[in-house]
Amino acid sequence: MNPMADCKCALFLDVDGTLLDIAATPSTVRVPPGLTRALDNVASSLDGALALISGRLIEDLDRLFKPLHLPAAGLHGAEIRRSTGGRTECLDCAPIAPALREAINGLVEAHRGVQLEDKGHALALHYRARPAAGPLITHALAQLVAHHGPGLSLLSGKMVVELRDIRHSKASAVSAFMAIQPFAGRRPIFLGDDRTDEDGFSVVERGGGLALPVGHRHGGHNIDGREPAFANPAEVRNWLDELPGRLRAGF
Ligand SMILES: [Mg+2]
């Protein structure tokens, strides 16, 4: 498959579950040998039109893919670095009130195995270690946000529910990149594995681009009812390895 054959493209890549295999916790993911070099090569082949679009902090992406400082959006679009090696901008975010944080801490303490990831402007509750707690946690968090979280919204992903500013998303991040060089005028392609990527899929398709889902969602259902373009992150990594050669060859 080479959806990038017929035109100049811009590539937007989710990280966890797309480039990297999902691990027990976000901090225990492993970056396979060769992936960082492959990303660097693909970015060069696309004249720099490659961006990472993640729920992680950008500084976390930099740690994973050291020494690269690729264009990136973090915290589902609440942070953005518009150019390679550029400055990370923290976009305006609704504050998470102390009372809400306190209530969320109580929620986590009441559910053994649920892990709170505090990303500053966003919070994530991971329930991979206790999947049965997911619906209850999500419902309770929704109630808390409705009462104490103006400007915030919930985003459900694989074994995680995230709290973030309603104005920022993977769609707003892709749109920001498509307005500037070297992305502008290229055909956007978005690879993602989770419901959090559906915003990105929608915006690239509206712009005449391609959404390429990775893997099957938990429970066997595909993202947004779509057939996966890649079975798993290993297939994505193989595709990235071969992409510069294919682009050079013009097919
Ligand atoms: Mg993902």
# chains A, B, ... in the order shown; residues from 1 in each chain; ligands from 1
call {"tool": "residues_near_ligand", "arguments": {"ligand": "ligand 1", "cutoff": "7 Å", "atoms": "only C-alpha atoms and all ligand atoms", "output": "number ranges by chain"}}
result
A: 14-18, 192-194
call {"tool": "write_last_selection", "arguments": {"atoms": "C-alpha atoms", "output": "PDB file, in the first residue's frame"}}
result
ATOM      1  CA  ASP A  14      -0.453   9.332  16.741  1.00  0.00           C
ATOM      2  CA  VAL A  15       2.155   7.711  19.014  1.00  0.00           C
ATOM      3  CA  ASP A  16       0.815   5.159  21.519  1.00  0.00           C
ATOM      4  CA  GLY A  17      -0.845   2.226  19.777  1.00  0.00           C
ATOM      5  CA  THR A  18       0.187   3.611  16.361  1.00  0.00           C
ATOM      6  CA  GLY A 192      -4.208   6.635  14.655  1.00  0.00           C
ATOM      7  CA  ASP A 193      -5.511   3.732  16.664  1.00  0.00           C
ATOM      8  CA  ASP A 194      -8.085   5.072  19.066  1.00  0.00           C
TER       9      ASP A 194
END
call {"tool": "residues_around", "arguments": {"residues": "segment 49-63 of chain A", "least_positions_apart": "6", "cutoff": "7 Å", "atoms": "only C-alpha atoms", "output": "NGL selection string"}}
result
:A and (10-15 or 43 or 69-76 or 170 or 182-183)
call {"tool": "residues_around", "arguments": {"residues": "Gly151 of chain A", "least_positions_apart": "2", "cutoff": "10 Å", "atoms": "only C-alpha atoms", "output": "PyMOL selection string"}}
result
chain A and resi 93-96+145-146+148-149+153+164-167
call {"tool": "write_last_selection", "arguments": {"atoms": "C-alpha atoms", "output": "mmCIF file, in the first residue's frame"}}
result
data_model
loop_
_atom_site.group_PDB
_atom_site.id
_atom_site.type_symbol
_atom_site.label_atom_id
_atom_site.label_comp_id
_atom_site.auth_asym_id
_atom_site.auth_seq_id
_atom_site.Cartn_x
_atom_site.Cartn_y
_atom_site.Cartn_z
ATOM 1 C CA CYS A 93 -6.515 26.003 28.723
ATOM 2 C CA ALA A 94 -9.422 25.987 31.136
ATOM 3 C CA PRO A 95 -8.000 25.418 34.619
ATOM 4 C CA ILE A 96 -8.687 22.211 36.494
ATOM 5 C CA VAL A 145 -16.932 17.588 35.168
ATOM 6 C CA ALA A 146 -20.584 18.534 34.707
ATOM 7 C CA HIS A 148 -17.073 21.421 38.605
ATOM 8 C CA GLY A 149 -15.382 21.564 35.226
ATOM 9 C CA SER A 153 -14.562 17.721 28.456
ATOM 10 C CA ARG A 164 -9.004 18.224 28.828
ATOM 11 C CA ASP A 165 -9.949 21.654 27.523
ATOM 12 C CA ILE A 166 -12.906 21.394 25.184
ATOM 13 C CA ARG A 167 -11.361 23.824 22.645
#
call {"tool": "residues_around", "arguments": {"residues": "Leu20 of chain A", "least_positions_apart": "5", "cutoff": "12 Å", "atoms": "only C-alpha atoms", "output": "list in words"}}
result
Leu13, Asp14, Val15, Pro26, Ser27, Thr28, Val29, Arg30, Val31, Pro32, Pro33, Leu35, Thr36, Ser54, Leu61, Leu64, Phe65, Gly192, Asp193, Val214, Asn232, Pro233, Ala234, Glu235, Val236 and Arg237 of chain A
call {"tool": "write_last_selection", "arguments": {"atoms": "N, CA, C and O atoms", "output": "mmCIF file, in the first residue's frame"}}
result
data_model
loop_
_atom_site.group_PDB
_atom_site.id
_atom_site.type_symbol
_atom_site.label_atom_id
_atom_site.label_comp_id
_atom_site.auth_asym_id
_atom_site.auth_seq_id
_atom_site.Cartn_x
_atom_site.Cartn_y
_atom_site.Cartn_z
ATOM 1 N N LEU A 13 1.014 11.583 12.803
ATOM 2 C CA LEU A 13 1.131 10.275 13.454
ATOM 3 C C LEU A 13 0.779 10.355 14.930
ATOM 4 O O LEU A 13 1.424 11.096 15.697
ATOM 5 N N ASP A 14 -0.243 9.592 15.322
ATOM 6 C CA ASP A 14 -0.453 9.332 16.741
ATOM 7 C C ASP A 14 0.743 8.483 17.213
ATOM 8 O O ASP A 14 1.456 7.899 16.385
ATOM 9 N N VAL A 15 0.959 8.406 18.507
ATOM 10 C CA VAL A 15 2.155 7.711 19.014
ATOM 11 C C VAL A 15 1.798 6.360 19.663
ATOM 12 O O VAL A 15 2.098 5.297 19.116
ATOM 13 N N PRO A 26 1.728 4.229 30.607
ATOM 14 C CA PRO A 26 2.348 5.102 29.601
ATOM 15 C C PRO A 26 3.860 5.232 29.776
ATOM 16 O O PRO A 26 4.597 5.437 28.807
ATOM 17 N N SER A 27 4.320 5.105 31.020
ATOM 18 C CA SER A 27 5.758 5.303 31.266
ATOM 19 C C SER A 27 6.596 4.082 30.916
ATOM 20 O O SER A 27 7.826 4.165 30.891
ATOM 21 N N THR A 28 5.948 2.952 30.635
ATOM 22 C CA THR A 28 6.731 1.742 30.362
ATOM 23 C C THR A 28 6.741 1.355 28.877
ATOM 24 O O THR A 28 7.143 0.249 28.539
ATOM 25 N N VAL A 29 6.311 2.268 27.998
ATOM 26 C CA VAL A 29 6.378 1.950 26.564
ATOM 27 C C VAL A 29 7.843 1.837 26.136
ATOM 28 O O VAL A 29 8.744 2.412 26.763
ATOM 29 N N ARG A 30 8.044 1.100 25.065
ATOM 30 C CA ARG A 30 9.397 0.880 24.566
ATOM 31 C C ARG A 30 9.463 1.405 23.131
ATOM 32 O O ARG A 30 8.544 1.145 22.341
ATOM 33 N N VAL A 31 10.513 2.141 22.831
ATOM 34 C CA VAL A 31 10.711 2.615 21.457
ATOM 35 C C VAL A 31 11.610 1.603 20.756
ATOM 36 O O VAL A 31 12.779 1.440 21.130
ATOM 37 N N PRO A 32 11.088 0.876 19.762
ATOM 38 C CA PRO A 32 11.890 -0.168 19.124
ATOM 39 C C PRO A 32 13.113 0.417 18.411
ATOM 40 O O PRO A 32 13.062 1.557 17.924
ATOM 41 N N PRO A 33 14.191 -0.359 18.331
ATOM 42 C CA PRO A 33 15.385 0.121 17.632
ATOM 43 C C PRO A 33 15.033 0.491 16.188
ATOM 44 O O PRO A 33 14.294 -0.234 15.544
ATOM 45 N N LEU A 35 13.233 2.953 15.065
ATOM 46 C CA LEU A 35 12.044 3.789 14.819
ATOM 47 C C LEU A 35 12.400 5.282 14.744
ATOM 48 O O LEU A 35 11.919 6.000 13.868
ATOM 49 N N THR A 36 13.253 5.729 15.652
ATOM 50 C CA THR A 36 13.615 7.148 15.669
ATOM 51 C C THR A 36 14.295 7.537 14.359
ATOM 52 O O THR A 36 13.981 8.567 13.748
ATOM 53 N N SER A 54 -0.293 13.683 19.699
ATOM 54 C CA SER A 54 -0.391 12.740 20.813
ATOM 55 C C SER A 54 -1.145 13.331 21.999
ATOM 56 O O SER A 54 -1.313 14.548 22.109
ATOM 57 N N LEU A 61 7.355 13.238 24.378
ATOM 58 C CA LEU A 61 7.653 12.754 23.020
ATOM 59 C C LEU A 61 9.138 12.942 22.717
ATOM 60 O O LEU A 61 9.780 12.084 22.106
ATOM 61 N N LEU A 64 11.096 10.267 24.363
ATOM 62 C CA LEU A 64 10.953 8.967 23.691
ATOM 63 C C LEU A 64 11.772 8.909 22.401
ATOM 64 O O LEU A 64 12.360 7.876 22.081
ATOM 65 N N PHE A 65 11.763 10.027 21.651
ATOM 66 C CA PHE A 65 12.374 10.001 20.315
ATOM 67 C C PHE A 65 13.649 10.853 20.255
ATOM 68 O O PHE A 65 13.985 11.408 19.216
ATOM 69 N N GLY A 192 -3.860 6.688 13.239
ATOM 70 C CA GLY A 192 -4.208 6.635 14.655
ATOM 71 C C GLY A 192 -4.917 5.338 14.980
ATOM 72 O O GLY A 192 -5.404 4.645 14.089
ATOM 73 N N ASP A 193 -4.978 5.043 16.270
ATOM 74 C CA ASP A 193 -5.511 3.732 16.664
ATOM 75 C C ASP A 193 -6.712 3.807 17.589
ATOM 76 O O ASP A 193 -7.227 2.771 17.998
ATOM 77 N N VAL A 214 -5.267 2.181 12.676
ATOM 78 C CA VAL A 214 -4.313 1.131 13.046
ATOM 79 C C VAL A 214 -4.985 0.186 14.045
ATOM 80 O O VAL A 214 -5.432 0.626 15.106
ATOM 81 N N ASN A 232 -1.315 -3.446 13.186
ATOM 82 C CA ASN A 232 -0.693 -3.141 14.484
ATOM 83 C C ASN A 232 0.463 -2.156 14.261
ATOM 84 O O ASN A 232 0.845 -1.866 13.120
ATOM 85 N N PRO A 233 1.045 -1.635 15.364
ATOM 86 C CA PRO A 233 2.153 -0.685 15.209
ATOM 87 C C PRO A 233 3.354 -1.262 14.460
ATOM 88 O O PRO A 233 4.053 -0.512 13.760
ATOM 89 N N ALA A 234 3.592 -2.556 14.569
ATOM 90 C CA ALA A 234 4.736 -3.149 13.852
ATOM 91 C C ALA A 234 4.563 -2.962 12.338
ATOM 92 O O ALA A 234 5.538 -2.667 11.623
ATOM 93 N N GLU A 235 3.337 -3.097 11.846
ATOM 94 C CA GLU A 235 3.094 -2.877 10.408
ATOM 95 C C GLU A 235 3.330 -1.404 10.039
ATOM 96 O O GLU A 235 3.852 -1.100 8.967
ATOM 97 N N VAL A 236 2.932 -0.509 10.930
ATOM 98 C CA VAL A 236 3.178 0.922 10.664
ATOM 99 C C VAL A 236 4.680 1.175 10.580
ATOM 100 O O VAL A 236 5.159 1.879 9.682
ATOM 101 N N ARG A 237 5.411 0.580 11.510
ATOM 102 C CA ARG A 237 6.870 0.804 11.535
ATOM 103 C C ARG A 237 7.528 0.254 10.264
ATOM 104 O O ARG A 237 8.434 0.893 9.700
#
call {"tool": "closest_residue", "arguments": {"among": "A:Ala249, A:Gly120, A:Trp239, A:Thr196", "to": "Pro98 of chain A", "atoms": "only C-alpha atoms"}}
result
A:Gly120
call {"tool": "residues_around", "arguments": {"residues": "Arg101 of chain A", "least_positions_apart": "6", "cutoff": "12 Å", "atoms": "only C-alpha atoms", "output": "ChimeraX atom specification"}}
result
/A:95,107-108,116-118,120-125,141,144-145,148-149,163
call {"tool": "residues_around", "arguments": {"residues": "Arg226 of chain A", "least_positions_apart": "6", "cutoff": "12 Å", "atoms": "only C-alpha atoms", "output": "CSV table (one decimal) with N, CA and C atoms, in the first residue's frame"}}
result
chain,number,residue,atom,x,y,z
A,192,GLY,N,-3.9,6.7,13.2
A,192,GLY,CA,-4.2,6.6,14.7
A,192,GLY,C,-4.9,5.3,15.0
A,193,ASP,N,-5.0,5.0,16.3
A,193,ASP,CA,-5.5,3.7,16.7
A,193,ASP,C,-6.7,3.8,17.6
A,194,ASP,N,-7.2,5.0,17.9
A,194,ASP,CA,-8.1,5.1,19.1
A,194,ASP,C,-9.2,6.1,18.8
A,195,ARG,N,-10.2,6.1,19.6
A,195,ARG,CA,-11.3,7.1,19.5
A,195,ARG,C,-10.8,8.5,19.5
A,198,GLU,N,-10.3,10.0,16.2
A,198,GLU,CA,-11.4,10.3,15.2
A,198,GLU,C,-11.5,11.7,14.8
A,201,PHE,N,-9.0,12.1,12.1
A,201,PHE,CA,-9.5,11.5,10.9
A,201,PHE,C,-10.5,12.4,10.1
A,211,ALA,N,-7.5,9.0,6.2
A,211,ALA,CA,-7.5,8.5,7.5
A,211,ALA,C,-7.0,7.0,7.5
A,212,LEU,N,-6.0,6.7,8.1
A,212,LEU,CA,-5.5,5.3,8.1
A,212,LEU,C,-5.5,4.7,9.5
A,213,PRO,N,-6.6,4.0,9.9
A,213,PRO,CA,-6.7,3.4,11.2
A,213,PRO,C,-5.7,2.3,11.4
A,214,VAL,N,-5.3,2.2,12.7
A,214,VAL,CA,-4.3,1.1,13.0
A,214,VAL,C,-5.0,0.2,14.0
A,215,GLY,N,-5.0,-1.1,13.7
A,215,GLY,CA,-5.5,-2.1,14.6
A,215,GLY,C,-7.0,-2.1,14.9
A,216,HIS,N,-7.4,-3.0,15.8
A,216,HIS,CA,-8.8,-3.1,16.2
A,216,HIS,C,-8.9,-2.5,17.6
A,217,ARG,N,-10.0,-1.9,17.8
A,217,ARG,CA,-10.2,-1.4,19.1
A,217,ARG,C,-10.5,-2.5,20.1
A,220,GLY,N,-12.9,-5.7,19.9
A,220,GLY,CA,-13.0,-6.1,18.5
A,220,GLY,C,-13.7,-5.1,17.6
call {"tool": "atom_distance", "arguments": {"atom1": "atom CA of Ala103 of chain A", "atom2": "atom CA of Ala78 of chain A"}}
result
23.1 Å
call {"tool": "select_by_dssp", "arguments": {"residues": "segment 32-84 of chain A", "states": "alpha helix (DSSP H)", "output": "list in words"}}
result
Leu35, Thr36, Arg37, Ala38, Leu39, Asp40, Asn41, Val42, Ala43, Ser44, Ser45, Ile58, Glu59, Asp60, Leu61, Asp62, Arg63 and Leu64 of chain A
call {"tool": "write_last_selection", "arguments": {"atoms": "N, CA, C and O atoms", "output": "PDB file, in the first residue's frame"}}
result
ATOM      1  N   LEU A  35      13.233   2.953  15.065  1.00  0.00           N
ATOM      2  CA  LEU A  35      12.044   3.789  14.819  1.00  0.00           C
ATOM      3  C   LEU A  35      12.400   5.282  14.744  1.00  0.00           C
ATOM      4  O   LEU A  35      11.919   6.000  13.868  1.00  0.00           O
ATOM      5  N   THR A  36      13.253   5.729  15.652  1.00  0.00           N
ATOM      6  CA  THR A  36      13.615   7.148  15.669  1.00  0.00           C
ATOM      7  C   THR A  36      14.295   7.537  14.359  1.00  0.00           C
ATOM      8  O   THR A  36      13.981   8.567  13.748  1.00  0.00           O
ATOM      9  N   ARG A  37      15.204   6.683  13.914  1.00  0.00           N
ATOM     10  CA  ARG A  37      15.889   6.951  12.641  1.00  0.00           C
ATOM     11  C   ARG A  37      14.880   6.950  11.484  1.00  0.00           C
ATOM     12  O   ARG A  37      14.952   7.790  10.579  1.00  0.00           O
ATOM     13  N   ALA A  38      13.935   5.998  11.517  1.00  0.00           N
ATOM     14  CA  ALA A  38      12.933   5.924  10.448  1.00  0.00           C
ATOM     15  C   ALA A  38      12.089   7.198  10.407  1.00  0.00           C
ATOM     16  O   ALA A  38      11.808   7.736   9.323  1.00  0.00           O
ATOM     17  N   LEU A  39      11.697   7.694  11.574  1.00  0.00           N
ATOM     18  CA  LEU A  39      10.904   8.930  11.620  1.00  0.00           C
ATOM     19  C   LEU A  39      11.690  10.098  11.040  1.00  0.00           C
ATOM     20  O   LEU A  39      11.161  10.925  10.294  1.00  0.00           O
ATOM     21  N   ASP A  40      12.970  10.156  11.377  1.00  0.00           N
ATOM     22  CA  ASP A  40      13.834  11.218  10.864  1.00  0.00           C
ATOM     23  C   ASP A  40      13.932  11.131   9.340  1.00  0.00           C
ATOM     24  O   ASP A  40      13.820  12.142   8.635  1.00  0.00           O
ATOM     25  N   ASN A  41      14.094   9.913   8.832  1.00  0.00           N
ATOM     26  CA  ASN A  41      14.205   9.719   7.380  1.00  0.00           C
ATOM     27  C   ASN A  41      12.914  10.099   6.663  1.00  0.00           C
ATOM     28  O   ASN A  41      12.945  10.746   5.606  1.00  0.00           O
ATOM     29  N   VAL A  42      11.781   9.684   7.238  1.00  0.00           N
ATOM     30  CA  VAL A  42      10.493   9.999   6.601  1.00  0.00           C
ATOM     31  C   VAL A  42      10.272  11.511   6.617  1.00  0.00           C
ATOM     32  O   VAL A  42       9.845  12.101   5.620  1.00  0.00           O
ATOM     33  N   ALA A  43      10.576  12.139   7.753  1.00  0.00           N
ATOM     34  CA  ALA A  43      10.407  13.602   7.842  1.00  0.00           C
ATOM     35  C   ALA A  43      11.237  14.295   6.752  1.00  0.00           C
ATOM     36  O   ALA A  43      10.755  15.213   6.078  1.00  0.00           O
ATOM     37  N   SER A  44      12.471  13.833   6.547  1.00  0.00           N
ATOM     38  CA  SER A  44      13.314  14.432   5.497  1.00  0.00           C
ATOM     39  C   SER A  44      12.699  14.211   4.120  1.00  0.00           C
ATOM     40  O   SER A  44      12.678  15.114   3.279  1.00  0.00           O
ATOM     41  N   SER A  45      12.180  13.004   3.890  1.00  0.00           N
ATOM     42  CA  SER A  45      11.572  12.683   2.586  1.00  0.00           C
ATOM     43  C   SER A  45      10.369  13.561   2.288  1.00  0.00           C
ATOM     44  O   SER A  45      10.031  13.782   1.129  1.00  0.00           O
ATOM     45  N   ILE A  58       4.596  17.156  24.971  1.00  0.00           N
ATOM     46  CA  ILE A  58       5.630  17.180  23.927  1.00  0.00           C
ATOM     47  C   ILE A  58       6.992  16.822  24.513  1.00  0.00           C
ATOM     48  O   ILE A  58       7.790  16.131  23.883  1.00  0.00           O
ATOM     49  N   GLU A  59       7.271  17.260  25.744  1.00  0.00           N
ATOM     50  CA  GLU A  59       8.576  16.925  26.345  1.00  0.00           C
ATOM     51  C   GLU A  59       8.710  15.409  26.525  1.00  0.00           C
ATOM     52  O   GLU A  59       9.820  14.866  26.469  1.00  0.00           O
ATOM     53  N   ASP A  60       7.604  14.746  26.702  1.00  0.00           N
ATOM     54  CA  ASP A  60       7.605  13.288  26.815  1.00  0.00           C
ATOM     55  C   ASP A  60       7.930  12.659  25.445  1.00  0.00           C
ATOM     56  O   ASP A  60       8.682  11.686  25.347  1.00  0.00           O
ATOM     57  N   LEU A  61       7.355  13.238  24.378  1.00  0.00           N
ATOM     58  CA  LEU A  61       7.653  12.754  23.020  1.00  0.00           C
ATOM     59  C   LEU A  61       9.138  12.942  22.717  1.00  0.00           C
ATOM     60  O   LEU A  61       9.780  12.084  22.106  1.00  0.00           O
ATOM     61  N   ASP A  62       9.687  14.079  23.140  1.00  0.00           N
ATOM     62  CA  ASP A  62      11.116  14.350  22.906  1.00  0.00           C
ATOM     63  C   ASP A  62      11.995  13.336  23.637  1.00  0.00           C
ATOM     64  O   ASP A  62      13.032  12.914  23.128  1.00  0.00           O
ATOM     65  N   ARG A  63      11.552  12.968  24.845  1.00  0.00           N
ATOM     66  CA  ARG A  63      12.314  11.969  25.613  1.00  0.00           C
ATOM     67  C   ARG A  63      12.267  10.616  24.887  1.00  0.00           C
ATOM     68  O   ARG A  63      13.278   9.932  24.768  1.00  0.00           O
ATOM     69  N   LEU A  64      11.096  10.267  24.363  1.00  0.00           N
ATOM     70  CA  LEU A  64      10.953   8.967  23.691  1.00  0.00           C
ATOM     71  C   LEU A  64      11.772   8.909  22.401  1.00  0.00           C
ATOM     72  O   LEU A  64      12.360   7.876  22.081  1.00  0.00           O
TER      73      LEU A  64
END
call {"tool": "closest_residue", "arguments": {"among": "A:Ala24, A:Leu152, A:Leu243, A:Leu136", "to": "Ala97 of chain A", "atoms": "only C-alpha atoms"}}
result
A:Leu152
call {"tool": "closest_residue", "arguments": {"among": "A:Ile180, A:Ile104, A:Ala173, A:Ala132", "to": "Val204 of chain A", "atoms": "only C-alpha atoms"}}
result
A:Ala173
call {"tool": "atom_distance", "arguments": {"atom1": "atom CA of Ala133 of chain A", "atom2": "atom CA of Val114 of chain A"}}
result
7.8 Å
call {"tool": "closest_residue", "arguments": {"among": "A:Gly113, A:Pro244, A:Pro67, A:Gly48", "to": "Thr84 of chain A", "atoms": "only C-alpha atoms"}}
result
A:Gly48
call {"tool": "closest_residue", "arguments": {"among": "A:Gly34, A:Asp47, A:Pro135, A:Glu109", "to": "Ala184 of chain A", "atoms": "only C-alpha atoms"}}
result
A:Asp47
call {"tool": "atom_distance", "arguments": {"atom1": "atom CA of Gln115 of chain A", "atom2": "atom CA of Lys158 of chain A"}}
result
13.7 Å
call {"tool": "select_by_dssp", "arguments": {"residues": "segment 52-241 of chain A", "states": "strand (DSSP E or B)", "output": "JSON, numbers by chain"}}
result
{"A": [52, 53, 72, 73, 74, 79, 80, 81, 89, 90, 115, 116, 117, 118, 123, 124, 125, 126, 152, 153, 154, 155, 156, 157, 160, 161, 162, 163, 164, 165, 187, 188, 189, 190, 191, 192, 210, 211, 212, 213, 214, 230]}
